[in-house]
Structure formats: structure tokens, C-alpha cells
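K.L.:
Have a peek at work-v1.csv (CSV, C-alpha atoms and all ligand atoms).
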chain,number,residue,atom,x,y,z
A,256,MET,CA,-0.8,50.4,0.6
A,257,SER,CA,1.9,49.0,2.9
A,258,SER,CA,1.1,45.9,5.0
A,259,ALA,CA,2.5,47.5,8.2
A,260,ASN,CA,0.0,47.2,11.1
A,261,ARG,CA,-2.8,45.9,8.9
A,262,ILE,CA,-4.9,42.9,9.9
A,263,GLN,CA,-6.7,40.2,8.0
A,264,LYS,CA,-8.9,37.2,8.5
A,265,ALA,CA,-7.3,33.7,8.7
A,266,LEU,CA,-8.5,30.2,9.3
A,267,VAL,CA,-6.4,29.0,12.2
A,268,ILE,CA,-5.8,25.5,13.8
A,269,GLU,CA,-4.9,26.6,17.4
A,270,SER,CA,-3.4,23.3,18.5
A,271,PRO,CA,-2.9,19.8,17.0
A,272,LYS,CA,-6.2,18.1,15.8
A,273,THR,CA,-8.5,20.9,16.9
A,274,PRO,CA,-11.1,22.5,14.6
A,275,PHE,CA,-10.4,25.5,12.4
A,276,VAL,CA,-11.4,28.8,13.9
A,277,LEU,CA,-11.7,32.1,12.0
A,278,LYS,CA,-9.4,34.7,13.6
A,279,THR,CA,-7.8,38.1,13.0
A,280,VAL,CA,-4.1,38.0,12.4
A,281,PRO,CA,-1.5,40.6,11.2
A,282,ILE,CA,-0.7,40.9,7.5
A,283,PRO,CA,3.0,40.0,7.1
A,284,LYS,CA,5.6,42.2,5.4
A,285,PRO,CA,7.5,40.9,2.4
A,286,GLY,CA,11.2,40.4,2.8
A,287,PRO,CA,13.9,40.4,0.1
A,288,GLY,CA,12.8,38.4,-3.0
A,289,GLU,CA,9.2,38.2,-1.7
A,290,VAL,CA,5.9,39.7,-2.5
A,291,LEU,CA,2.7,40.1,-0.5
A,292,VAL,CA,-0.2,38.5,-2.3
A,293,LYS,CA,-3.9,39.4,-1.8
A,294,ILE,CA,-5.4,36.0,-2.0
A,295,MET,CA,-8.4,35.9,-4.3
A,296,ALA,CA,-8.7,32.1,-4.5
A,297,SER,CA,-7.5,29.2,-2.4
A,298,GLY,CA,-7.5,25.6,-3.6
A,299,LEU,CA,-8.4,22.8,-1.2
A,300,ASN,CA,-6.3,19.6,-1.0
A,301,PRO,CA,-6.6,16.3,0.8
A,302,ALA,CA,-3.5,17.3,2.7
A,303,ASP,CA,-5.5,20.0,4.5
A,304,TRP,CA,-7.9,17.8,6.3
A,305,ILE,CA,-5.2,15.1,6.9
A,306,LEU,CA,-3.0,17.8,8.5
A,307,GLN,CA,-5.8,19.2,10.6
A,308,THR,CA,-7.3,16.0,11.9
A,309,ARG,CA,-4.0,14.0,12.2
A,310,ASP,CA,-1.3,16.6,12.7
A,311,TYR,CA,0.3,14.9,9.8
A,312,PHE,CA,3.4,17.1,9.5
A,313,ALA,CA,4.2,17.0,13.3
A,314,PRO,CA,6.6,18.2,14.6
A,315,HIS,CA,7.0,20.8,11.8
A,316,THR,CA,3.6,22.5,12.0
A,317,PRO,CA,3.9,25.8,13.9
A,318,TYR,CA,0.8,26.0,16.2
A,319,PRO,CA,-1.4,28.0,16.1
A,320,ALA,CA,-1.2,27.0,12.4
A,321,ILE,CA,-2.5,28.5,9.2
A,322,ILE,CA,-2.4,26.0,6.3
A,323,GLY,CA,-3.6,25.8,2.7
A,324,PHE,CA,-1.4,24.9,-0.3
A,325,ASP,CA,-2.8,26.6,-3.5
A,326,ILE,CA,-2.9,30.4,-3.9
A,327,ALA,CA,-4.1,32.7,-6.7
A,328,GLY,CA,-4.3,36.4,-6.2
A,329,ASP,CA,-2.9,39.9,-6.8
A,330,VAL,CA,0.5,41.2,-6.0
A,331,GLU,CA,-0.1,43.8,-3.3
A,332,GLU,CA,3.3,44.8,-2.2
A,333,LEU,CA,6.9,44.2,-3.3
A,334,GLY,CA,9.7,43.2,-1.0
A,335,PRO,CA,13.2,44.8,-1.3
A,336,GLY,CA,14.9,44.1,-4.6
A,337,VAL,CA,11.9,42.5,-6.4
A,338,LYS,CA,12.0,43.5,-10.0
A,339,GLU,CA,10.6,40.4,-11.7
A,340,ILE,CA,7.0,41.3,-11.0
A,341,SER,CA,4.9,44.4,-10.5
A,342,LYS,CA,2.2,45.5,-8.1
A,343,GLY,CA,-1.3,44.5,-9.2
A,344,GLU,CA,-0.2,41.5,-11.3
A,345,ARG,CA,-2.3,38.3,-11.1
A,346,VAL,CA,-0.1,35.5,-9.8
A,347,PHE,CA,-0.5,31.8,-8.7
A,348,LEU,CA,1.8,29.8,-6.5
A,349,GLU,CA,2.3,26.9,-4.3
A,350,PRO,CA,3.0,28.1,-0.7
A,351,LYS,CA,5.8,27.0,1.6
A,352,MET,CA,4.4,24.5,4.0
A,353,ASN,CA,4.8,24.9,7.8
A,354,SER,CA,5.1,28.6,7.6
A,355,ASN,CA,2.0,30.6,8.6
A,356,ASN,CA,2.9,33.8,6.7
A,357,TYR,CA,3.0,31.9,3.4
A,358,THR,CA,-0.1,29.7,3.4
A,359,ALA,CA,-3.5,29.8,1.6
A,360,PHE,CA,-6.3,29.9,4.2
A,361,GLN,CA,-6.0,33.6,4.9
A,362,GLN,CA,-6.6,36.8,3.0
A,363,TYR,CA,-2.9,37.8,2.4
A,364,ALA,CA,0.3,35.7,2.2
A,365,LEU,CA,3.9,36.2,1.4
A,366,ALA,CA,5.4,34.5,-1.6
A,367,PRO,CA,9.0,34.0,-2.9
A,368,VAL,CA,9.1,35.4,-6.5
A,369,GLU,CA,11.2,32.5,-7.7
A,370,PHE,CA,8.4,30.0,-7.3
A,371,LEU,CA,5.3,31.9,-8.6
A,372,GLY,CA,3.9,32.5,-12.1
A,373,LYS,CA,1.7,35.2,-13.7
A,374,ILE,CA,-1.8,33.9,-14.2
A,375,PRO,CA,-2.3,33.5,-18.0
A,376,LYS,CA,-5.2,35.7,-19.3
A,377,ASN,CA,-7.2,32.6,-20.2
A,378,LEU,CA,-7.5,31.5,-16.6
A,379,ASP,CA,-9.5,33.0,-13.8
A,380,TYR,CA,-8.3,33.0,-10.1
A,381,ALA,CA,-10.2,29.8,-9.2
A,382,GLN,CA,-8.7,27.9,-12.1
A,383,ALA,CA,-5.2,29.2,-11.3
A,384,ALA,CA,-5.7,28.1,-7.7
A,385,SER,CA,-6.4,24.5,-8.9
A,386,VAL,CA,-2.9,24.1,-10.5
A,387,SER,CA,0.1,24.5,-8.3
A,388,LEU,CA,0.3,21.8,-5.7
A,389,THR,CA,-1.2,18.9,-7.7
A,390,PHE,CA,0.5,19.8,-11.0
A,391,THR,CA,3.7,20.0,-9.1
A,392,THR,CA,3.1,16.6,-7.5
A,393,ALA,CA,2.3,15.0,-10.9
A,394,VAL,CA,5.2,16.6,-12.7
A,395,TYR,CA,7.9,15.9,-10.1
A,396,GLY,CA,7.4,12.2,-10.5
A,397,LEU,CA,7.7,12.3,-14.3
A,398,LEU,CA,10.0,15.0,-15.6
A,399,PRO,CA,12.9,15.9,-13.4
A,400,ALA,CA,16.2,13.9,-13.6
A,401,HIS,CA,16.8,10.8,-11.5
A,402,PRO,CA,16.7,10.5,-8.6
A,403,VAL,CA,14.1,13.2,-8.0
A,404,GLY,CA,11.9,11.9,-10.8
A,405,MET,CA,11.9,9.6,-13.8
A,406,GLY,CA,13.8,12.0,-16.0
A,407,LEU,CA,11.4,12.0,-18.9
A,408,ASN,CA,11.9,15.7,-19.7
A,409,PRO,CA,13.9,17.7,-17.1
A,410,THR,CA,14.0,20.9,-19.2
A,411,PHE,CA,10.4,21.1,-20.6
A,412,ASP,CA,11.8,20.5,-24.1
A,413,ASP,CA,8.6,20.6,-26.2
A,414,THR,CA,10.1,18.3,-28.8
A,415,VAL,CA,10.6,15.3,-26.4
A,416,SER,CA,8.2,12.5,-27.4
A,417,TYR,CA,7.6,8.9,-26.5
A,418,PRO,CA,5.2,7.7,-29.2
A,419,GLU,CA,6.0,4.0,-28.8
A,420,GLU,CA,5.5,3.9,-25.0
A,421,ALA,CA,2.5,3.4,-22.8
A,422,ALA,CA,1.7,4.7,-19.4
A,423,LEU,CA,-0.8,4.0,-16.7
A,424,VAL,CA,-2.3,6.6,-14.3
A,425,ILE,CA,-3.9,5.2,-11.2
A,426,GLY,CA,-6.5,7.7,-9.8
A,427,GLY,CA,-6.9,9.4,-13.2
A,428,SER,CA,-9.8,11.6,-12.2
A,429,SER,CA,-8.1,13.0,-9.1
A,430,SER,CA,-6.5,16.4,-9.4
A,431,VAL,CA,-3.0,14.9,-9.4
A,432,GLY,CA,-4.1,12.2,-11.9
A,433,GLN,CA,-5.6,14.7,-14.3
A,434,TYR,CA,-2.3,16.6,-14.5
A,435,ALA,CA,-0.4,13.3,-14.8
A,436,ILE,CA,-2.5,12.4,-17.8
A,437,GLN,CA,-1.9,15.8,-19.4
A,438,ILE,CA,1.8,15.7,-18.7
A,439,LEU,CA,2.0,12.2,-20.4
A,440,LYS,CA,0.1,13.6,-23.3
A,441,TYR,CA,2.6,16.5,-23.5
A,442,LEU,CA,5.3,13.9,-23.5
A,443,GLY,CA,3.7,12.2,-26.5
A,444,PHE,CA,3.0,8.8,-25.0
A,445,GLY,CA,1.4,6.5,-27.5
A,446,ALA,CA,-1.1,5.1,-24.9
A,447,ILE,CA,-2.2,6.6,-21.6
A,448,ILE,CA,-4.4,4.3,-19.6
A,449,ALA,CA,-6.4,5.8,-16.7
A,450,TYR,CA,-7.7,3.7,-13.8
A,451,ALA,CA,-10.7,5.7,-12.8
A,452,SER,CA,-14.5,5.7,-12.6
A,453,VAL,CA,-16.0,5.3,-16.1
A,454,LYS,CA,-18.3,8.3,-15.5
A,455,HIS,CA,-15.2,10.4,-16.2
A,456,THR,CA,-14.3,8.6,-19.5
A,457,GLU,CA,-15.1,11.5,-21.9
A,458,PHE,CA,-13.5,14.1,-19.7
A,459,LEU,CA,-10.3,12.0,-19.2
A,460,LYS,CA,-10.1,11.3,-22.9
A,461,SER,CA,-10.3,15.1,-23.5
A,462,LEU,CA,-7.2,15.4,-21.3
A,463,GLY,CA,-5.3,12.8,-23.2
A,464,ALA,CA,-6.3,9.3,-21.8
A,465,THR,CA,-6.6,6.7,-24.5
A,466,HIS,CA,-8.0,3.9,-22.4
A,467,ILE,CA,-10.0,3.7,-19.2
A,468,ILE,CA,-10.1,0.9,-16.7
A,469,ASP,CA,-13.1,1.1,-14.5
A,470,ARG,CA,-12.0,1.3,-10.9
A,471,ASN,CA,-15.5,0.3,-9.7
A,472,GLN,CA,-15.3,-3.0,-11.7
A,473,ILE,CA,-11.7,-3.9,-11.3
A,474,SER,CA,-10.1,-4.0,-7.8
A,475,PHE,CA,-6.5,-3.2,-7.2
A,476,ALA,CA,-5.9,-6.9,-6.6
A,477,ASP,CA,-7.3,-7.7,-10.1
A,478,LEU,CA,-5.7,-4.8,-11.9
A,479,PRO,CA,-2.4,-6.6,-12.9
A,480,ALA,CA,-4.4,-9.3,-14.6
A,481,ALA,CA,-6.9,-6.9,-16.2
A,482,LEU,CA,-4.4,-4.5,-17.6
A,483,PRO,CA,-3.0,-6.8,-20.5
A,484,ARG,CA,-6.6,-7.3,-21.6
A,485,VAL,CA,-6.9,-3.5,-22.2
A,486,TYR,CA,-3.4,-2.9,-23.4
A,487,ALA,CA,-1.1,-5.8,-24.3
A,488,GLN,CA,2.3,-4.1,-24.5
A,489,PRO,CA,4.6,-3.6,-21.4
A,490,ILE,CA,3.9,-0.5,-19.3
A,491,LYS,CA,7.1,1.3,-18.6
A,492,VAL,CA,5.7,4.3,-16.8
A,493,ILE,CA,3.1,4.4,-14.1
A,494,TYR,CA,1.9,7.3,-11.9
A,495,SER,CA,-0.2,6.4,-8.9
A,496,ALA,CA,-2.2,9.3,-7.5
A,497,VAL,CA,-3.7,6.9,-5.1
A,498,VAL,CA,-1.3,6.4,-2.2
A,499,LEU,CA,-2.9,3.4,-0.6
A,500,PRO,CA,-0.5,0.4,0.0
A,501,GLU,CA,-2.8,-1.8,-2.2
A,502,ALA,CA,-2.6,0.7,-5.0
A,503,GLN,CA,1.2,0.8,-4.8
A,504,ASP,CA,1.4,-3.0,-4.8
A,505,ALA,CA,-0.9,-3.2,-7.9
A,506,ALA,CA,1.1,-0.5,-9.7
A,507,TYR,CA,4.3,-2.3,-9.0
A,508,ALA,CA,2.9,-5.6,-10.3
A,509,CYS,CA,1.6,-3.8,-13.5
A,510,LEU,CA,5.1,-2.3,-14.2
A,511,ALA,CA,7.4,-3.7,-16.8
A,512,ASN,CA,10.7,-5.1,-15.4
A,513,ASP,CA,12.7,-2.1,-16.4
A,514,GLY,CA,9.7,0.3,-15.7
A,515,LYS,CA,9.4,3.4,-13.5
A,516,LEU,CA,6.7,4.0,-11.0
A,517,ALA,CA,5.9,7.4,-9.3
A,518,VAL,CA,3.6,7.5,-6.3
A,519,ALA,CA,2.1,10.7,-4.9
A,520,THR,CA,3.7,10.4,-1.5
A,521,PRO,CA,7.2,10.7,-0.1
A,522,GLN,CA,6.3,7.9,2.3
A,523,LEU,CA,6.2,4.8,0.2
A,524,ALA,CA,4.6,1.6,1.4
A,525,LEU,CA,6.8,-0.3,-1.1
A,526,LYS,CA,10.3,-1.2,-0.1
A,527,GLU,CA,11.8,-0.6,-3.5
A,528,ASP,CA,12.9,2.8,-4.4
A,529,ALA,CA,14.7,4.8,-7.2
A,530,GLU,CA,18.1,3.3,-6.1
A,531,THR,CA,17.2,-0.3,-6.7
A,532,PRO,CA,18.1,-2.0,-10.0
A,533,GLY,CA,15.3,-3.1,-12.3
A,534,LYS,CA,11.9,-1.4,-11.5
A,535,LYS,CA,12.4,2.1,-10.1
A,536,VAL,CA,10.0,3.6,-7.7
A,537,TYR,CA,9.8,7.4,-6.9
A,538,GLY,CA,8.0,8.7,-3.9
A,539,VAL,CA,7.0,12.3,-4.8
A,540,PHE,CA,7.0,15.3,-2.5
A,541,GLY,CA,5.2,18.0,-4.6
A,542,SER,CA,7.1,21.0,-3.5
A,543,PRO,CA,9.8,23.1,-5.0
A,544,TYR,CA,11.1,24.2,-1.6
A,545,THR,CA,13.2,21.2,-0.6
A,546,PRO,CA,16.9,21.3,-1.5
A,547,ALA,CA,16.5,18.3,-3.8
A,548,ASN,CA,13.5,19.7,-5.6
A,549,ARG,CA,14.7,23.3,-5.9
A,550,GLU,CA,16.6,23.1,-9.3
A,551,PHE,CA,13.6,21.6,-11.2
A,552,GLY,CA,11.3,24.0,-9.3
A,553,LEU,CA,13.0,26.9,-11.0
A,554,VAL,CA,12.6,25.3,-14.4
A,555,LEU,CA,9.0,24.4,-13.7
A,556,TRP,CA,7.9,27.9,-12.8
A,557,ARG,CA,9.6,29.3,-15.9
A,558,HIS,CA,7.5,27.0,-18.1
A,559,LEU,CA,4.2,26.4,-16.4
A,560,PRO,CA,2.5,29.8,-17.2
A,561,ARG,CA,3.3,29.5,-20.9
A,562,LEU,CA,2.1,26.0,-21.1
A,563,LEU,CA,-1.2,26.9,-19.4
A,564,GLU,CA,-1.6,30.0,-21.6
A,565,SER,CA,-1.1,27.9,-24.8
A,566,GLY,CA,-3.6,25.3,-23.5
A,567,VAL,CA,-1.1,22.4,-23.4
A,568,PHE,CA,-2.2,22.0,-19.8
A,569,VAL,CA,-5.7,22.9,-18.6
A,570,PRO,CA,-6.7,23.6,-15.0
A,571,ASN,CA,-9.1,21.3,-13.1
A,572,ARG,CA,-12.8,21.9,-13.3
A,573,ILE,CA,-13.9,24.0,-10.3
A,574,GLU,CA,-16.5,23.8,-7.6
A,575,GLU,CA,-16.7,27.2,-6.0
A,576,LEU,CA,-17.2,27.2,-2.2
A,577,PRO,CA,-19.5,29.9,-0.5
A,578,ASN,CA,-18.7,32.0,2.6
A,579,GLY,CA,-15.1,32.9,2.0
A,580,LEU,CA,-12.7,31.3,4.4
A,581,SER,CA,-15.5,29.7,6.5
A,582,GLY,CA,-16.6,27.7,3.4
A,583,ILE,CA,-13.3,25.8,3.6
A,584,VAL,CA,-14.4,23.8,6.7
A,585,ASP,CA,-17.3,22.1,4.9
A,586,GLY,CA,-15.3,21.7,1.7
A,587,LEU,CA,-12.6,19.8,3.6
A,588,LYS,CA,-15.3,17.6,5.2
A,589,LYS,CA,-16.5,16.7,1.7
A,590,LEU,CA,-12.9,15.8,0.7
A,591,GLU,CA,-12.5,13.7,3.8
A,592,LYS,CA,-15.7,11.8,3.1
A,593,GLY,CA,-14.5,11.1,-0.5
A,594,GLU,CA,-17.4,13.1,-1.9
A,595,VAL,CA,-15.3,15.1,-4.3
A,596,SER,CA,-15.1,13.5,-7.7
A,597,GLY,CA,-13.2,15.0,-10.7
A,598,VAL,CA,-13.3,18.6,-9.5
A,599,LYS,CA,-11.2,21.0,-7.4
A,600,LEU,CA,-12.8,22.8,-4.5
A,601,VAL,CA,-11.9,26.5,-4.4
A,602,ALA,CA,-12.6,29.1,-1.7
A,603,PHE,CA,-12.5,32.9,-2.0
A,604,PRO,CA,-10.9,34.4,1.1
A,605,GLN,CA,-11.9,38.0,0.3
A,606,ASN,CA,-15.6,37.0,0.6
A,607,THR,CA,-15.2,36.2,4.3
A,608,THR,CA,-17.9,38.1,6.2
A,609,ALA,CA,-17.9,36.7,9.8
B,1,LIG,N1,3.1,13.8,-2.1
B,1,LIG,C1,2.6,15.0,-2.3
B,1,LIG,O1,3.3,16.0,-2.2
B,1,LIG,C2,1.1,15.2,-2.6
B,1,LIG,C3,0.7,16.4,-3.0
B,1,LIG,C4,-0.7,16.5,-3.3
B,1,LIG,C5,-1.5,15.4,-3.2
B,1,LIG,N2,-1.0,14.2,-2.7
B,1,LIG,C6,-1.8,13.1,-2.6
B,1,LIG,O2,-2.2,12.6,-3.9
B,1,LIG,C7,-3.5,12.0,-3.8
B,1,LIG,C8,-4.4,12.7,-4.8
B,1,LIG,O3,-4.6,14.0,-4.4
B,1,LIG,P1,-5.7,14.9,-5.2
B,1,LIG,O4,-5.7,16.3,-4.6
B,1,LIG,O5,-5.4,14.7,-6.6
B,1,LIG,O6,-7.0,14.2,-4.8
B,1,LIG,P2,-8.5,14.4,-5.2
B,1,LIG,O7,-8.6,15.2,-6.5
B,1,LIG,O8,-9.3,15.0,-4.0
B,1,LIG,O9,-9.0,12.9,-5.4
B,1,LIG,C9,-10.3,12.6,-5.6
B,1,LIG,C10,-10.4,11.6,-6.7
B,1,LIG,O10,-9.7,10.5,-6.3
B,1,LIG,C11,-10.3,9.4,-7.0
B,1,LIG,N3,-10.1,8.1,-6.3
B,1,LIG,C12,-10.3,7.9,-5.0
B,1,LIG,N4,-10.0,6.6,-4.7
B,1,LIG,C13,-9.7,6.0,-5.8
B,1,LIG,C14,-9.3,4.7,-6.2
B,1,LIG,N5,-9.3,3.7,-5.3
B,1,LIG,N6,-8.9,4.4,-7.5
B,1,LIG,C15,-9.0,5.4,-8.4
B,1,LIG,N7,-9.4,6.7,-8.1
B,1,LIG,C16,-9.7,7.0,-6.9
B,1,LIG,C17,-11.8,9.8,-7.1
B,1,LIG,O11,-12.3,9.1,-8.2
B,1,LIG,P3,-13.8,8.9,-8.5
B,1,LIG,O12,-14.2,10.2,-9.2
B,1,LIG,O13,-13.8,7.8,-9.4
B,1,LIG,O14,-14.5,8.7,-7.2
B,1,LIG,C18,-11.8,11.3,-7.1
B,1,LIG,O15,-12.0,11.8,-8.4
B,1,LIG,C19,-4.0,12.2,-2.3
B,1,LIG,O16,-3.7,11.0,-1.6
B,1,LIG,C20,-3.1,13.3,-1.8
B,1,LIG,O17,-2.9,13.3,-0.4
B,1,LIG,C21,0.3,14.1,-2.4
Just give me the structure as C-alpha cells.

P.N.:
Amino acid sequence: MSSANRIQKALVIESPKTPFVLKTVPIPKPGPGEVLVKIMASGLNPADWILQTRDYFAPHTPYPAIIGFDIAGDVEELGPGVKEISKGERVFLEPKMNSNNYTAFQQYALAPVEFLGKIPKNLDYAQAASVSLTFTTAVYGLLPAHPVGMGLNPTFDDTVSYPEEAALVIGGSSSVGQYAIQILKYLGFGAIIAYASVKHTEFLKSLGATHIIDRNQISFADLPAALPRVYAQPIKVIYSAVVLPEAQDAAYACLANDGKLAVATPQLALKEDAETPGKKVYGVFGSPYTPANREFGLVLWRHLPRLLESGVFVPNRIEELPNGLSGIVDGLKKLEKGEVSGVKLVAFPQNTTA
């Protein structure tokens, strides 16, 4: 069925820093190189509540705004010239930000075909909706060539391996951190140390962590002194999924003199960056849509579905939210209060009743 003149439910932020409201909006029409996706599952991210309560992307957010940055669903309609994918296929993708027709907290969205993947048969919609934004954020810090990332494997060459090297992941149990651990395992790192709550030890070891430092026992200030007691060799690669200034300072202090640090924010608290000699610091923007990120984004979306299908990467564990789009509001409050631990919250927009 064509999208012309059809309507859908969407969770809308009418003006900066106002609450979400459920509204009826038109279903958009796909342009060249795009598809319309019927959204079966929407992943929640910290960016959602930060954006809603703080107008974080001002002045770029188009109010009234529809946000949401992880989509899994079915291809409903093809735009002109689309041959890569067929109607009815299950797909997952990271939406364009700041563009209401493309985002996740609604029942239908547009998607450019170049940055989406078919959902592997071993993943359900909710699992697929846990991958795109946070996997992208983890991978951009590690794999793409300098200066976008550390350049550890820009082509997803499965034979690349760093068995002699050690890496630290700060915030190992976060969604970004879980993917960083898995990517470092894919890269064959000899040691992968996770700074996380010890209650997640078995789970993080199942993803590839070799050592856990308990974040509830060791503060960021004490981490540089504690690290050599856990792993004595220099740490040349660190990914910080915690963006607090004190986490960045601790990470920098833990890093070997010629080491590389990626932080899950484009807005670094540290003054050093990838252009400085010695330690290199990469502020990550987890999106394939910027000009700098585009080239690696095309590579990423060619490889991500096969690596999920083969089990090299596993999705996050899921907590399903009730009440369709309306359930997102309470889910984001839990995220804001720091009550989400080691799982991904996922909503199901087609279950919206109000
Ligand atoms: N730059 C970008 O493009 C981009 C994109 C996506 C996300 N991000 C940012 O990346 C960060 C992680 O996002 P996410 O979606 O992965 O978050 P998340 O899954 O919601 O994070 C929750 C987890 O963070 C852990 N955590 C909280 N404070 C910690 C600390 N001080 N030390 C160690 N672990 C801590 C918690 O661990 P416990 O279980 O131990 O409580 C919990 O498991 C957020 O700041 C987010 O805004 C940036």
C-alpha cells in the first residue's frame, strides 16, 4: 500500500524541553534511494532524554520534533530506483538525526538504503533495534582510519589480530561498552579489561572481557593506580563509554604514552585530540551520515549483518517496554535516573493504542 495520505502515531516534542505527546502525523513518502519502514521495534538511548530535557542538539532539532535513534522493522514501500532491497524484508538501521521523517519514535519512517541492513534470521526485531546507534558509536572509535578512528581495522578484514595487545573499556556494561568489548574480541586483543559493576562479570566475560575492575570499588581517580595491579602491561587502546570529564581524565592517565583513546562523545572534555603527537584521543560521533563518517559507514553496513548472523557480534539483552510508543516516556525516565543496567530498553510502536 502506498504511503500517500496515510497517517500514523508519533511521539512528538512540540517545543524545546517540553514533554513528549502522542500525536497523529502523516506517513512520509520515500524519495530516490530510500524506503519506507514500518517500525516494529525502537531502541531507547540516553541521547533521547538528554535531547528532550536539555534541547541538546539546538539549534538543529526541528520542532515539533520526533526523535529516536534505533529502528528495526519491515520495508513497506520502495522509493524510486531502489533495487537493493524488497518490500516486506526485515531491516534495521540507525536513523538520520534532526529529521522527523527518519526517526524511531513513530510507526513509520524513511530510511536511506545505503545505511541499513537486513535483519539476520537469528535476531528478532527487538534485538536488531539494540544494535545500530551504540554499535556504530563503539566501532567508529576503533576501526576506521585515522583521523575518524584509531584505524584498527578499517575494512572489517576478519584476519586482523592484535594478540599481544591489551585494551580497557570504561563502562563495559553499557550498550556501547558491550559492543566495544565484542569489537576488541573480534580484533583478537590478548586482554580486554572492563571497568564495570562486578555483577556483570560473567556476562561481560561471555562477550570477550578477560578482566573486570569493579567500578563500585575503584573510583575514576583511583583507576590509574589500580589498573597495573590487574594488568601489568601498557594499555595502548582504551574505549570510554562513560563521557564524564573524570572518566576521560582517568582513561587518559591509564593510557600508554603512544596509546589511543576513544570517548563516546564528539565533545571531549580533554584538550588533546587525534592531531596531537603521543597519546591520541578520538571523540566519537556514532553516525554514518556526516561527510567524515560516510566512507566507513558504507563499509560498516556491508559487514554488520553478516557478523551478527555468524554470531561474531551479539545484540544487547532486551527489556521490552509495554504500551507501544507511550511506554517510551517511562523508559526514558528509567534511563535518566540511571536505573538501566546491562540491558537495552526497546519499545514496539505498532502496539500503540491511545
Ligand atoms: N557520541 C555518540 O554518538 C554517542 C552515541 C550513543 C551513546 N553515546 C553516549 O555513550 C554513553 C553510553 O551510552 P549507552 O547507550 O551505552 O548507555 P547505557 O547502556 O544506558 O548505560 C548504562 C550503563 O552504564 C554503566 N555506567 C554508568 N555509569 C558508569 C560508571 N561511572 N562507570 C562504569 N559504568 C557506568 C551502567 O553500569 P552498571 O550496570 O554498573 O550500573 C549501565 O550498565 C552515554 O553517555 C551516551 O550518551 C554517545

K.L.:
Quick one: residues within 12 Å of Pro570 (chain A), all atoms listed in the file, excluding same-chain residues fewer than 2 positions away - as a PyMOL selection string?

P.N.:
chain A and resi 298+374-375+377-390+430-431+433-434+437+462+559-560+562-564+566-568+572-573+597-599

K.L.:
Give me, as a VMD selection string, the set of residues whose atoms come within 7 Å of any atom of ligand LIG 1 (chain B), counting only C-alpha atoms and all ligand atoms.

P.N.:
chain A and resid 300 to 302 388 to 389 392 425 to 432 450 to 452 470 496 to 498 519 to 521 539 to 542 590 593 595 to 599

K.L.:
Would you please work out which residue, of A:Asn260, A:Val346, A:Glu339, A:Pro274, is nearest to Asp585 (chain A) when using only C-alpha atoms?

P.N.:
A:Pro274

K.L.:
Please list as a ChimeraX atom specification every residue within 10 Å of Ala529 (chain A), counting all atoms listed in the file and excluding residues in the same chain fewer than 5 positions away.

P.N.:
/A:401-405,515-517,534-538

K.L.:
Please compute the CA of Leu442 (chain A)-CA of Arg549 (chain A) distance, one decimal, in Å.

P.N.:
22.1 Å

K.L.:
Have a look at CA of Asp303 (chain A) and CA of Leu587 (chain A) and let me know their distance in Å, one decimal.

P.N.:
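Atom-to-atom, CA of Asp303 (chain A) to CA of Leu587 (chain A), that is 7.2 Å.
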
K.L.:
Measure the distance from CA of Lys293 (chain A) to CA of Phe360 (chain A) in Å and round it to one decimal.

P.N.:
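CA of Phe360 (chain A) lies at a distance of 11.5 Å from CA of Lys293 (chain A).
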
K.L.:
Could you check the closest approach to Phe370 (chain A) for each of A:Gly586, A:Pro281, A:Gly533, A:Pro350 and tell me which residue wins, using all atoms listed in the file?

P.N.:
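Checking each of A:Gly586, A:Pro281, A:Gly533, A:Pro350 against Phe370 (chain A), counting all atoms listed in the file, the winner is A:Pro350.
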
K.L.:
Env of region 267-273 of chain A: 12 Å cut, atoms = only C-alpha atoms, seq-sep filter 4 positions within chain, self excluded. Answer as a compact mmCIF listing (two decimals) with C-alpha atoms, keeping the file's coordinate frame.

P.N.:
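Result saved to around.txt:
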# COMPACT_ATOMS: atom_id res chain seq x y z
CA GLN A 263 -6.70 40.20 8.00
CA LEU A 277 -11.70 32.10 12.00
CA LYS A 278 -9.40 34.70 13.60
CA THR A 279 -7.80 38.10 13.00
CA VAL A 280 -4.10 38.00 12.40
CA ASP A 303 -5.50 20.00 4.50
CA TRP A 304 -7.90 17.80 6.30
CA ILE A 305 -5.20 15.10 6.90
CA LEU A 306 -3.00 17.80 8.50
CA GLN A 307 -5.80 19.20 10.60
CA THR A 308 -7.30 16.00 11.90
CA ARG A 309 -4.00 14.00 12.20
CA ASP A 310 -1.30 16.60 12.70
CA TYR A 311 0.30 14.90 9.80
CA PHE A 312 3.40 17.10 9.50
CA ALA A 313 4.20 17.00 13.30
CA PRO A 314 6.60 18.20 14.60
CA HIS A 315 7.00 20.80 11.80
CA THR A 316 3.60 22.50 12.00
CA PRO A 317 3.90 25.80 13.90
CA TYR A 318 0.80 26.00 16.20
CA PRO A 319 -1.40 28.00 16.10
CA ALA A 320 -1.20 27.00 12.40
CA ILE A 321 -2.50 28.50 9.20
CA ILE A 322 -2.40 26.00 6.30
CA GLY A 323 -3.60 25.80 2.70
CA ASN A 355 2.00 30.60 8.60
CA ASN A 356 2.90 33.80 6.70
CA THR A 358 -0.10 29.70 3.40
CA ALA A 359 -3.50 29.80 1.60
CA PHE A 360 -6.30 29.90 4.20
CA GLN A 361 -6.00 33.60 4.90
CA LEU A 580 -12.70 31.30 4.40
CA SER A 581 -15.50 29.70 6.50
CA ILE A 583 -13.30 25.80 3.60
CA VAL A 584 -14.40 23.80 6.70

K.L.:
Which residues come within 9 Å of Ile340 (chain A), counting all atoms listed in the file, excluding same-chain residues fewer than 6 positions away, as a ChimeraX atom specification?

P.N.:
/A:290,330,333,368,373

K.L.:
Nearest to Glu369 (chain A): which of A:Leu291, A:Ala480, A:Leu348, A:Ala502 is it, counting all atoms listed in the file?

P.N.:
A:Leu348

K.L.:
Can you pull out every residue within 9 Å of Leu555 (chain A), counting all atoms listed in the file, but drop anything in the same chain fewer than 2 positions away, and send it as a list in words?

P.N.:
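My reading of the contact set: Phe370, Thr391, Val394, Pro409, Thr410, Phe411, Pro543, Glu550, Phe551, Gly552, Leu553, Arg557, His558 and Leu559 of chain A.
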
K.L.:
Looking at only C-alpha atoms, which of A:Lys351, A:Lys526, A:Arg561, A:Lys454 is the one that sits closest to Thr545 (chain A)?

P.N.:
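Nearest candidate to Thr545 (chain A) out of A:Lys351, A:Lys526, A:Arg561, A:Lys454: A:Lys351.
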
K.L.:
Let me make sure I understand: among A:Glu344, A:Asp477, A:Glu591, A:Glu289, which one has the smallest atom-to-atom distance to Ala505 (chain A) if we use all atoms listed in the file?

P.N.:
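Checking each candidate against Ala505 (chain A), we get A:Asp477 as the closest.
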
K.L.:
Using all atoms listed in the file for the distances, tell me which of A:Pro287, A:Ile467, A:Leu299, A:Pro604 is nearest to Lys588 (chain A).

P.N.:
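Closest to Lys588 (chain A) of all the choices is A:Leu299.
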